[in-house]
Amino acid sequence: MITVINLLDLLQANFPDYNWTVPKNLDWGILTTNQAFLQAKVNQEDLVKTASQIADRLNQFFQANQQPYRANTAGPYVNLDLKPEAYQKIVTIEQPTVVKLQPIHESFVIDMFHPNVGKKMHVGHIRSGNLGEAMRRMLSLKYDRVVSDSYLGDWGIQFSYITWGILHLDKLHLDFSSIDLDAEDKPNLIDKFYKIYVKMNQLIEEQPAIRLECQQNSKLLEAGLQGKQLDPENSAKFQILHNLYKRIVTISLTQFREGELFLNLNRNPDWLDSQKILIEPEKIARVQGKTGCHYTFSQHQQTYFNLTLGESFYISFLSEIQTLADYGLATREGEAVYVDLTEENLGRAYLISSEGYSLYLTRDVICRIVYAGLFGFENAITFADLRQKHSFDQLFAVLKRIIRSQIYANRPWGWLTQEETNRAMQILAKKMAMFEGFGYFSLPEGAMSTRKGKIFAFEDLKEMLENKVKQTLIDKNSPNPEDPEKIRKICVASLKWVDLHRDRELDVVFDPAQFLKFEGNTGVYQLYTVVRLKSILKQQTNLEVKTQEFQVNWLKPEELELLKRTFVLPLILEDICQNHKPHHLCNYLFDLAVKINHWYGLYSVTHEANPARKNSLLILCQYLLNHLEFCLSLLGIETVEEI
């Protein structure tokens, strides 16, 4: 079997100075190089003549080594293309659908989704989940172990606002006067939590004393979770707040599961091994039962994150923030603790607030050290809003300060062992964790704000999509228009494509109408393409297809162009594994789908009179179907039988 990866290895070994890339237009070839520019400049030669000489040299090499490739020129560029015998080797139904990438024998953790307890999920969480899940699947083609973690927002001052509101509901004057955490259904409770949160943000602006009390509650909760000695009054108060915390988290997790299931998060396709050990069982044992450890699995559990470690999990390490100040790495100012990063033009990185409780940045610093030290993850990446970039820049700068200081050369980080601490410092010194941001998400009327109640909730988007898809299927007289699983798959294809087909760094004005389009560059267009190929194959169920009799000579130029595009997929995926931008796969798939549908309009497989060509076309259809379904599965999109 020939692959483009094998071809690149061959070129690297024999033409190490040449830099090969995928051309912008695949009609030109499978690979292109600008080597002629470099060589002509050095040798003071004619550019086009130099390109022709390079092409001749490559063709002589391919012929001498019986390789099914050919070089040609387009002005100063040298392009490689496939010979007919290469196409013959590409198409076999028996060959693995899963592409092979250059392996990296390391582990990778992806931090994504991370909704906040007590609040409604919104389109921002969806975007983080879609990006993270697509990258989880693609990176699994390259790395030994890829772990998903939903870094749950189960801590912070916003949580104290909700608990205070529950305990003082009579002061909020909402459209409900009671809340029963035991009897009411989960969606109703989440709706009430959210209304409390929005109202509390209004109230604390009017009554600063309430804000101060919430801040003191946050400080008290952290003290209790760290095992600090509390007086009887504060001990009783801690128990009330802690019990409320646990109830709110449990209720919220139920809501988040609905979103995870709908979005296909952590739903392994058939080609992705669910039996592999992703996290050593002894490491799972170290964290189970601790506050904030909501889910942990050694092997993949279908539709569950491998880890769901909330921000509260890292509170037990807070004493190390004071250690940073003891060693002069951080500065105390009253109760506040900060790292001065003015030399890096990053200002002050506050790890403890002036009121004495931890901040997002605090827990992020601890999290990255635990990722590397306890779990031994050599690579870590977070998908979040680009507005958090400054915070992540501070995070990485603080980590670099900690590593350079050598404070932990002979001192363990919290309850990590010295060996685990050393491993954390070594991994982070070699390869700092990554932040990959996505563009600012706003509504047509302006910025989204959970505090102000200006969001587009997941539940509303889901209902809107399901109703639109169901009605469209009915209008089109589609078979089984009310099949809930069929509706879900079409909804997910539409939603994920809108999210993933654009560069993640671009700002987005959230327009619900985008998710309701069925034509053009959409996920539903991809499903239509798959359904067309399936319909061709279904019509030939009584025909014996002889795979061994496939003959590329029977294919038209348009059909060879389709095969050429499938050949370069590994290079597209290698690039995405470097830049973490799934929209490149969407661009590739849209180009392929357009060409498949153009071919579908030109030729009829069903009415093909030549048995040999018909046999070869059916094999081609099955090959393209397998290829499309695999590519869509990388994006978390499942196909349907009919639309």
# chains A, B, ... in the order shown; residues from 1 in each chain; ligands from 1
>>> residues_around(residues="A:Asn79", least_positions_apart="2", cutoff="8 Å", atoms="only C-alpha atoms", output="PyMOL selection string")
chain A and resi 28-33+71-74+77+81
>>> residues_around(residues="stretch 526-534 of chain A", least_positions_apart="6", cutoff="12 Å", atoms="only C-alpha atoms", output="PyMOL selection string")
chain A and resi 486+489-494+496-497+501+518-520+540-541+586-601+604-606+617-633+635+637-643
>>> residues_around(residues="A:Leu230", least_positions_apart="6", cutoff="12 Å", atoms="only C-alpha atoms", output="list in words")
Lys219, Leu220, Leu221, Glu222, Ala223, Gly224, Ala236, Lys237, Phe238 and Gln239 of chain A
>>> write_last_selection(atoms="all heavy atoms", output="JSON list (two decimals), in the first residue's frame")
[["chain", "number", "residue", "atom", "x", "y", "z"],
["A", 219, "LYS", "N", -13.72, 32.45, 51.26],
["A", 219, "LYS", "CA", -12.52, 32.24, 52.09],
["A", 219, "LYS", "C", -12.76, 31.14, 53.12],
["A", 219, "LYS", "O", -11.89, 30.28, 53.34],
["A", 219, "LYS", "CB", -12.16, 33.56, 52.79],
["A", 219, "LYS", "CG", -10.90, 33.49, 53.62],
["A", 219, "LYS", "CD", -10.61, 34.84, 54.25],
["A", 219, "LYS", "CE", -9.36, 34.76, 55.15],
["A", 219, "LYS", "NZ", -9.08, 36.07, 55.79],
["A", 220, "LEU", "N", -13.94, 31.13, 53.73],
["A", 220, "LEU", "CA", -14.27, 30.11, 54.73],
["A", 220, "LEU", "C", -14.31, 28.72, 54.10],
["A", 220, "LEU", "O", -13.78, 27.75, 54.67],
["A", 220, "LEU", "CB", -15.63, 30.45, 55.35],
["A", 220, "LEU", "CG", -16.20, 29.41, 56.34],
["A", 220, "LEU", "CD1", -15.27, 29.24, 57.54],
["A", 220, "LEU", "CD2", -17.60, 29.81, 56.79],
["A", 221, "LEU", "N", -14.93, 28.61, 52.95],
["A", 221, "LEU", "CA", -15.00, 27.31, 52.27],
["A", 221, "LEU", "C", -13.61, 26.77, 51.97],
["A", 221, "LEU", "O", -13.33, 25.59, 52.16],
["A", 221, "LEU", "CB", -15.81, 27.43, 50.98],
["A", 221, "LEU", "CG", -17.31, 27.18, 51.08],
["A", 221, "LEU", "CD1", -18.00, 27.60, 49.80],
["A", 221, "LEU", "CD2", -17.60, 25.72, 51.38],
["A", 222, "GLU", "N", -12.74, 27.63, 51.48],
["A", 222, "GLU", "CA", -11.38, 27.18, 51.15],
["A", 222, "GLU", "C", -10.63, 26.77, 52.42],
["A", 222, "GLU", "O", -9.88, 25.79, 52.41],
["A", 222, "GLU", "CB", -10.63, 28.28, 50.41],
["A", 222, "GLU", "CG", -11.15, 28.48, 49.00],
["A", 222, "GLU", "CD", -10.28, 29.38, 48.14],
["A", 222, "GLU", "OE1", -9.37, 30.04, 48.69],
["A", 222, "GLU", "OE2", -10.50, 29.42, 46.92],
["A", 223, "ALA", "N", -10.84, 27.50, 53.49],
["A", 223, "ALA", "CA", -10.18, 27.14, 54.76],
["A", 223, "ALA", "C", -10.65, 25.77, 55.23],
["A", 223, "ALA", "O", -9.85, 24.93, 55.67],
["A", 223, "ALA", "CB", -10.46, 28.20, 55.81],
["A", 224, "GLY", "N", -11.96, 25.53, 55.15],
["A", 224, "GLY", "CA", -12.50, 24.24, 55.58],
["A", 224, "GLY", "C", -12.00, 23.09, 54.74],
["A", 224, "GLY", "O", -11.65, 22.03, 55.25],
["A", 236, "ALA", "N", -19.86, 25.34, 61.75],
["A", 236, "ALA", "CA", -21.26, 25.06, 61.41],
["A", 236, "ALA", "C", -21.63, 25.72, 60.08],
["A", 236, "ALA", "O", -22.33, 25.13, 59.24],
["A", 236, "ALA", "CB", -22.18, 25.56, 62.52],
["A", 237, "LYS", "N", -21.15, 26.94, 59.88],
["A", 237, "LYS", "CA", -21.43, 27.65, 58.64],
["A", 237, "LYS", "C", -20.78, 26.94, 57.45],
["A", 237, "LYS", "O", -21.37, 26.84, 56.37],
["A", 237, "LYS", "CB", -20.92, 29.09, 58.74],
["A", 237, "LYS", "CG", -21.36, 29.99, 57.61],
["A", 237, "LYS", "CD", -20.94, 31.44, 57.87],
["A", 237, "LYS", "CE", -21.45, 32.36, 56.78],
["A", 237, "LYS", "NZ", -21.04, 33.78, 57.01],
["A", 238, "PHE", "N", -19.55, 26.45, 57.67],
["A", 238, "PHE", "CA", -18.85, 25.71, 56.61],
["A", 238, "PHE", "C", -19.66, 24.49, 56.19],
["A", 238, "PHE", "O", -19.78, 24.20, 54.99],
["A", 238, "PHE", "CB", -17.46, 25.28, 57.09],
["A", 238, "PHE", "CG", -16.80, 24.28, 56.18],
["A", 238, "PHE", "CD1", -16.23, 24.66, 54.98],
["A", 238, "PHE", "CD2", -16.78, 22.92, 56.50],
["A", 238, "PHE", "CE1", -15.64, 23.74, 54.13],
["A", 238, "PHE", "CE2", -16.20, 21.99, 55.67],
["A", 238, "PHE", "CZ", -15.62, 22.40, 54.48],
["A", 239, "GLN", "N", -20.20, 23.74, 57.15],
["A", 239, "GLN", "CA", -20.97, 22.54, 56.83],
["A", 239, "GLN", "C", -22.17, 22.87, 55.97],
["A", 239, "GLN", "O", -22.49, 22.16, 55.01],
["A", 239, "GLN", "CB", -21.41, 21.84, 58.12],
["A", 239, "GLN", "CG", -20.27, 21.20, 58.91],
["A", 239, "GLN", "CD", -19.53, 20.15, 58.10],
["A", 239, "GLN", "OE1", -20.11, 19.44, 57.27],
["A", 239, "GLN", "NE2", -18.22, 20.05, 58.32]]
>>> residues_around(residues="stretch 318-332 of chain A", least_positions_apart="6", cutoff="12 Å", atoms="only C-alpha atoms", output="count of residues only")
50
>>> select_by_dssp(residues="stretch 235-455 of chain A", states="alpha helix (DSSP H)", output="ChimeraX atom specification")
/A:235-262,281-287,319-326,360-373,389-405,418-430
>>> closest_atom_pairs(of="stretch 111-213 of chain A", to="stretch 262-275 of chain A", cutoff="12 Å", atoms="only C-alpha atoms", output="JSON lines")
{"residue": "A:Met112", "atom": "CA", "partner": "A:Leu265", "partner_atom": "CA", "distance": 10.2}
{"residue": "A:Phe113", "atom": "CA", "partner": "A:Leu265", "partner_atom": "CA", "distance": 9.3}
{"residue": "A:Val123", "atom": "CA", "partner": "A:Leu263", "partner_atom": "CA", "distance": 11.7}
{"residue": "A:His125", "atom": "CA", "partner": "A:Leu263", "partner_atom": "CA", "distance": 10.9}
{"residue": "A:Ile126", "atom": "CA", "partner": "A:Leu263", "partner_atom": "CA", "distance": 7.9}
{"residue": "A:Arg127", "atom": "CA", "partner": "A:Leu263", "partner_atom": "CA", "distance": 10.3}
{"residue": "A:Ser128", "atom": "CA", "partner": "A:Leu265", "partner_atom": "CA", "distance": 10.8}
{"residue": "A:Gly129", "atom": "CA", "partner": "A:Leu265", "partner_atom": "CA", "distance": 7.0}
{"residue": "A:Asn130", "atom": "CA", "partner": "A:Leu263", "partner_atom": "CA", "distance": 7.5}
{"residue": "A:Leu131", "atom": "CA", "partner": "A:Leu265", "partner_atom": "CA", "distance": 10.2}
{"residue": "A:Gly132", "atom": "CA", "partner": "A:Leu265", "partner_atom": "CA", "distance": 8.7}
{"residue": "A:Glu133", "atom": "CA", "partner": "A:Leu265", "partner_atom": "CA", "distance": 5.9}
{"residue": "A:Ala134", "atom": "CA", "partner": "A:Leu265", "partner_atom": "CA", "distance": 9.0}
{"residue": "A:Met135", "atom": "CA", "partner": "A:Asn266", "partner_atom": "CA", "distance": 11.2}
{"residue": "A:Arg136", "atom": "CA", "partner": "A:Asn266", "partner_atom": "CA", "distance": 8.4}
{"residue": "A:Arg137", "atom": "CA", "partner": "A:Leu272", "partner_atom": "CA", "distance": 7.8}
{"residue": "A:Met138", "atom": "CA", "partner": "A:Leu272", "partner_atom": "CA", "distance": 10.2}
{"residue": "A:Leu139", "atom": "CA", "partner": "A:Leu272", "partner_atom": "CA", "distance": 11.1}
{"residue": "A:Ser140", "atom": "CA", "partner": "A:Leu272", "partner_atom": "CA", "distance": 7.7}
{"residue": "A:Leu141", "atom": "CA", "partner": "A:Leu272", "partner_atom": "CA", "distance": 8.6}
{"residue": "A:Lys142", "atom": "CA", "partner": "A:Leu272", "partner_atom": "CA", "distance": 11.8}
{"residue": "A:Asp144", "atom": "CA", "partner": "A:Asp273", "partner_atom": "CA", "distance": 11.0}
{"residue": "A:Arg145", "atom": "CA", "partner": "A:Asp273", "partner_atom": "CA", "distance": 10.4}
{"residue": "A:Val146", "atom": "CA", "partner": "A:Leu272", "partner_atom": "CA", "distance": 10.9}
{"residue": "A:Val147", "atom": "CA", "partner": "A:Asn266", "partner_atom": "CA", "distance": 9.7}
{"residue": "A:Ser148", "atom": "CA", "partner": "A:Asn266", "partner_atom": "CA", "distance": 7.7}
{"residue": "A:Asp149", "atom": "CA", "partner": "A:Asn266", "partner_atom": "CA", "distance": 10.1}
{"residue": "A:Ser150", "atom": "CA", "partner": "A:Leu265", "partner_atom": "CA", "distance": 10.5}
>>> residues_around(residues="stretch 372-380 of chain A", least_positions_apart="6", cutoff="6 Å", atoms="only C-alpha atoms", output="PyMOL selection string")
chain A and resi 107-110+420-421+423-424+433
>>> write_last_selection(atoms="all heavy atoms", output="PDB file, in the first residue's frame")
ATOM      1  N   SER A 107       1.927  11.243  25.858  1.00  0.00           N
ATOM      2  CA  SER A 107       0.528  11.413  26.248  1.00  0.00           C
ATOM      3  C   SER A 107       0.111  12.866  26.062  1.00  0.00           C
ATOM      4  O   SER A 107       0.944  13.772  26.039  1.00  0.00           O
ATOM      5  CB  SER A 107       0.324  10.992  27.704  1.00  0.00           C
ATOM      6  OG  SER A 107       1.195  11.718  28.547  1.00  0.00           O
ATOM      7  N   PHE A 108      -1.190  13.058  25.930  1.00  0.00           N
ATOM      8  CA  PHE A 108      -1.729  14.380  25.622  1.00  0.00           C
ATOM      9  C   PHE A 108      -3.035  14.552  26.396  1.00  0.00           C
ATOM     10  O   PHE A 108      -3.913  13.701  26.323  1.00  0.00           O
ATOM     11  CB  PHE A 108      -2.008  14.485  24.119  1.00  0.00           C
ATOM     12  CG  PHE A 108      -1.890  15.859  23.537  1.00  0.00           C
ATOM     13  CD1 PHE A 108      -0.954  16.129  22.546  1.00  0.00           C
ATOM     14  CD2 PHE A 108      -2.708  16.891  23.959  1.00  0.00           C
ATOM     15  CE1 PHE A 108      -0.829  17.393  21.987  1.00  0.00           C
ATOM     16  CE2 PHE A 108      -2.589  18.157  23.412  1.00  0.00           C
ATOM     17  CZ  PHE A 108      -1.653  18.415  22.431  1.00  0.00           C
ATOM     18  N   VAL A 109      -3.178  15.623  27.161  1.00  0.00           N
ATOM     19  CA  VAL A 109      -4.445  15.900  27.834  1.00  0.00           C
ATOM     20  C   VAL A 109      -5.060  17.149  27.213  1.00  0.00           C
ATOM     21  O   VAL A 109      -4.368  18.139  26.960  1.00  0.00           O
ATOM     22  CB  VAL A 109      -4.268  16.072  29.357  1.00  0.00           C
ATOM     23  CG1 VAL A 109      -3.350  17.230  29.697  1.00  0.00           C
ATOM     24  CG2 VAL A 109      -5.626  16.236  30.034  1.00  0.00           C
ATOM     25  N   ILE A 110      -6.360  17.072  26.936  1.00  0.00           N
ATOM     26  CA  ILE A 110      -7.094  18.191  26.349  1.00  0.00           C
ATOM     27  C   ILE A 110      -8.104  18.693  27.369  1.00  0.00           C
ATOM     28  O   ILE A 110      -8.988  17.957  27.815  1.00  0.00           O
ATOM     29  CB  ILE A 110      -7.816  17.764  25.061  1.00  0.00           C
ATOM     30  CG1 ILE A 110      -6.813  17.252  24.025  1.00  0.00           C
ATOM     31  CG2 ILE A 110      -8.624  18.922  24.485  1.00  0.00           C
ATOM     32  CD1 ILE A 110      -7.443  16.730  22.759  1.00  0.00           C
ATOM     33  N   GLU A 420       7.038  12.820  41.750  1.00  0.00           N
ATOM     34  CA  GLU A 420       6.025  13.436  40.889  1.00  0.00           C
ATOM     35  C   GLU A 420       6.304  14.929  40.698  1.00  0.00           C
ATOM     36  O   GLU A 420       6.113  15.475  39.602  1.00  0.00           O
ATOM     37  CB  GLU A 420       4.640  13.226  41.498  1.00  0.00           C
ATOM     38  CG  GLU A 420       4.178  11.771  41.449  1.00  0.00           C
ATOM     39  CD  GLU A 420       2.976  11.497  42.326  1.00  0.00           C
ATOM     40  OE1 GLU A 420       2.694  12.308  43.228  1.00  0.00           O
ATOM     41  OE2 GLU A 420       2.311  10.453  42.120  1.00  0.00           O
ATOM     42  N   THR A 421       6.766  15.576  41.757  1.00  0.00           N
ATOM     43  CA  THR A 421       7.097  17.002  41.661  1.00  0.00           C
ATOM     44  C   THR A 421       8.243  17.222  40.688  1.00  0.00           C
ATOM     45  O   THR A 421       8.200  18.128  39.840  1.00  0.00           O
ATOM     46  CB  THR A 421       7.464  17.555  43.043  1.00  0.00           C
ATOM     47  OG1 THR A 421       6.359  17.361  43.936  1.00  0.00           O
ATOM     48  CG2 THR A 421       7.797  19.038  42.969  1.00  0.00           C
ATOM     49  N   ARG A 423       9.070  15.314  38.245  1.00  0.00           N
ATOM     50  CA  ARG A 423       8.579  15.039  36.895  1.00  0.00           C
ATOM     51  C   ARG A 423       7.817  16.247  36.347  1.00  0.00           C
ATOM     52  O   ARG A 423       7.963  16.618  35.177  1.00  0.00           O
ATOM     53  CB  ARG A 423       7.677  13.811  36.907  1.00  0.00           C
ATOM     54  CG  ARG A 423       7.063  13.490  35.541  1.00  0.00           C
ATOM     55  CD  ARG A 423       6.435  12.108  35.534  1.00  0.00           C
ATOM     56  NE  ARG A 423       5.408  11.968  36.541  1.00  0.00           N
ATOM     57  CZ  ARG A 423       4.943  10.805  36.993  1.00  0.00           C
ATOM     58  NH1 ARG A 423       5.452   9.681  36.530  1.00  0.00           N
ATOM     59  NH2 ARG A 423       3.996  10.754  37.901  1.00  0.00           N
ATOM     60  N   ALA A 424       7.006  16.891  37.201  1.00  0.00           N
ATOM     61  CA  ALA A 424       6.261  18.077  36.764  1.00  0.00           C
ATOM     62  C   ALA A 424       7.207  19.167  36.291  1.00  0.00           C
ATOM     63  O   ALA A 424       7.002  19.771  35.230  1.00  0.00           O
ATOM     64  CB  ALA A 424       5.384  18.592  37.902  1.00  0.00           C
ATOM     65  N   ALA A 433       2.684  23.920  28.772  1.00  0.00           N
ATOM     66  CA  ALA A 433       1.320  23.657  28.333  1.00  0.00           C
ATOM     67  C   ALA A 433       0.881  24.716  27.329  1.00  0.00           C
ATOM     68  O   ALA A 433       1.444  25.808  27.268  1.00  0.00           O
ATOM     69  CB  ALA A 433       0.386  23.640  29.541  1.00  0.00           C
TER      70      ALA A 433
END
>>> residues_around(residues="stretch 183-190 of chain A", least_positions_apart="2", cutoff="9 Å", atoms="only C-alpha atoms", output="ChimeraX atom specification")
/A:117-120,179-181,192-195,248,251-252,254-255
>>> write_last_selection(atoms="C-alpha atoms", output="compact mmCIF listing (two decimals), in the first residue's frame")
# COMPACT_ATOMS: atom_id res chain seq x y z
CA VAL A 117 -21.96 24.76 38.06
CA GLY A 118 -25.19 26.49 38.88
CA LYS A 119 -25.29 28.20 35.49
CA LYS A 120 -26.82 27.36 32.14
CA ILE A 179 -36.41 26.18 46.12
CA ASP A 180 -36.43 22.47 46.98
CA LEU A 181 -33.18 20.75 46.03
CA LYS A 192 -33.62 28.91 39.36
CA PHE A 193 -29.87 28.84 40.05
CA TYR A 194 -29.30 30.94 36.97
CA LYS A 195 -31.93 33.50 37.92
CA ILE A 248 -25.47 22.19 43.35
CA ILE A 251 -27.57 18.82 40.00
CA SER A 252 -25.41 20.67 37.46
CA THR A 254 -26.84 16.01 35.30
CA GLN A 255 -27.49 18.97 33.01
>>> closest_residue(among="A:Cys293, A:Val509, A:Ile162, A:Met432", to="A:Thr382", atoms="only C-alpha atoms")
A:Met432
>>> atom_distance(atom1="atom CA of A:Tyr295", atom2="atom CA of A:Thr250")
11.7 Å
>>> select_by_dssp(residues="stretch 54-120 of chain A", states="strand (DSSP E)", output="number ranges by chain")
A: 69-74, 77-82, 104-111
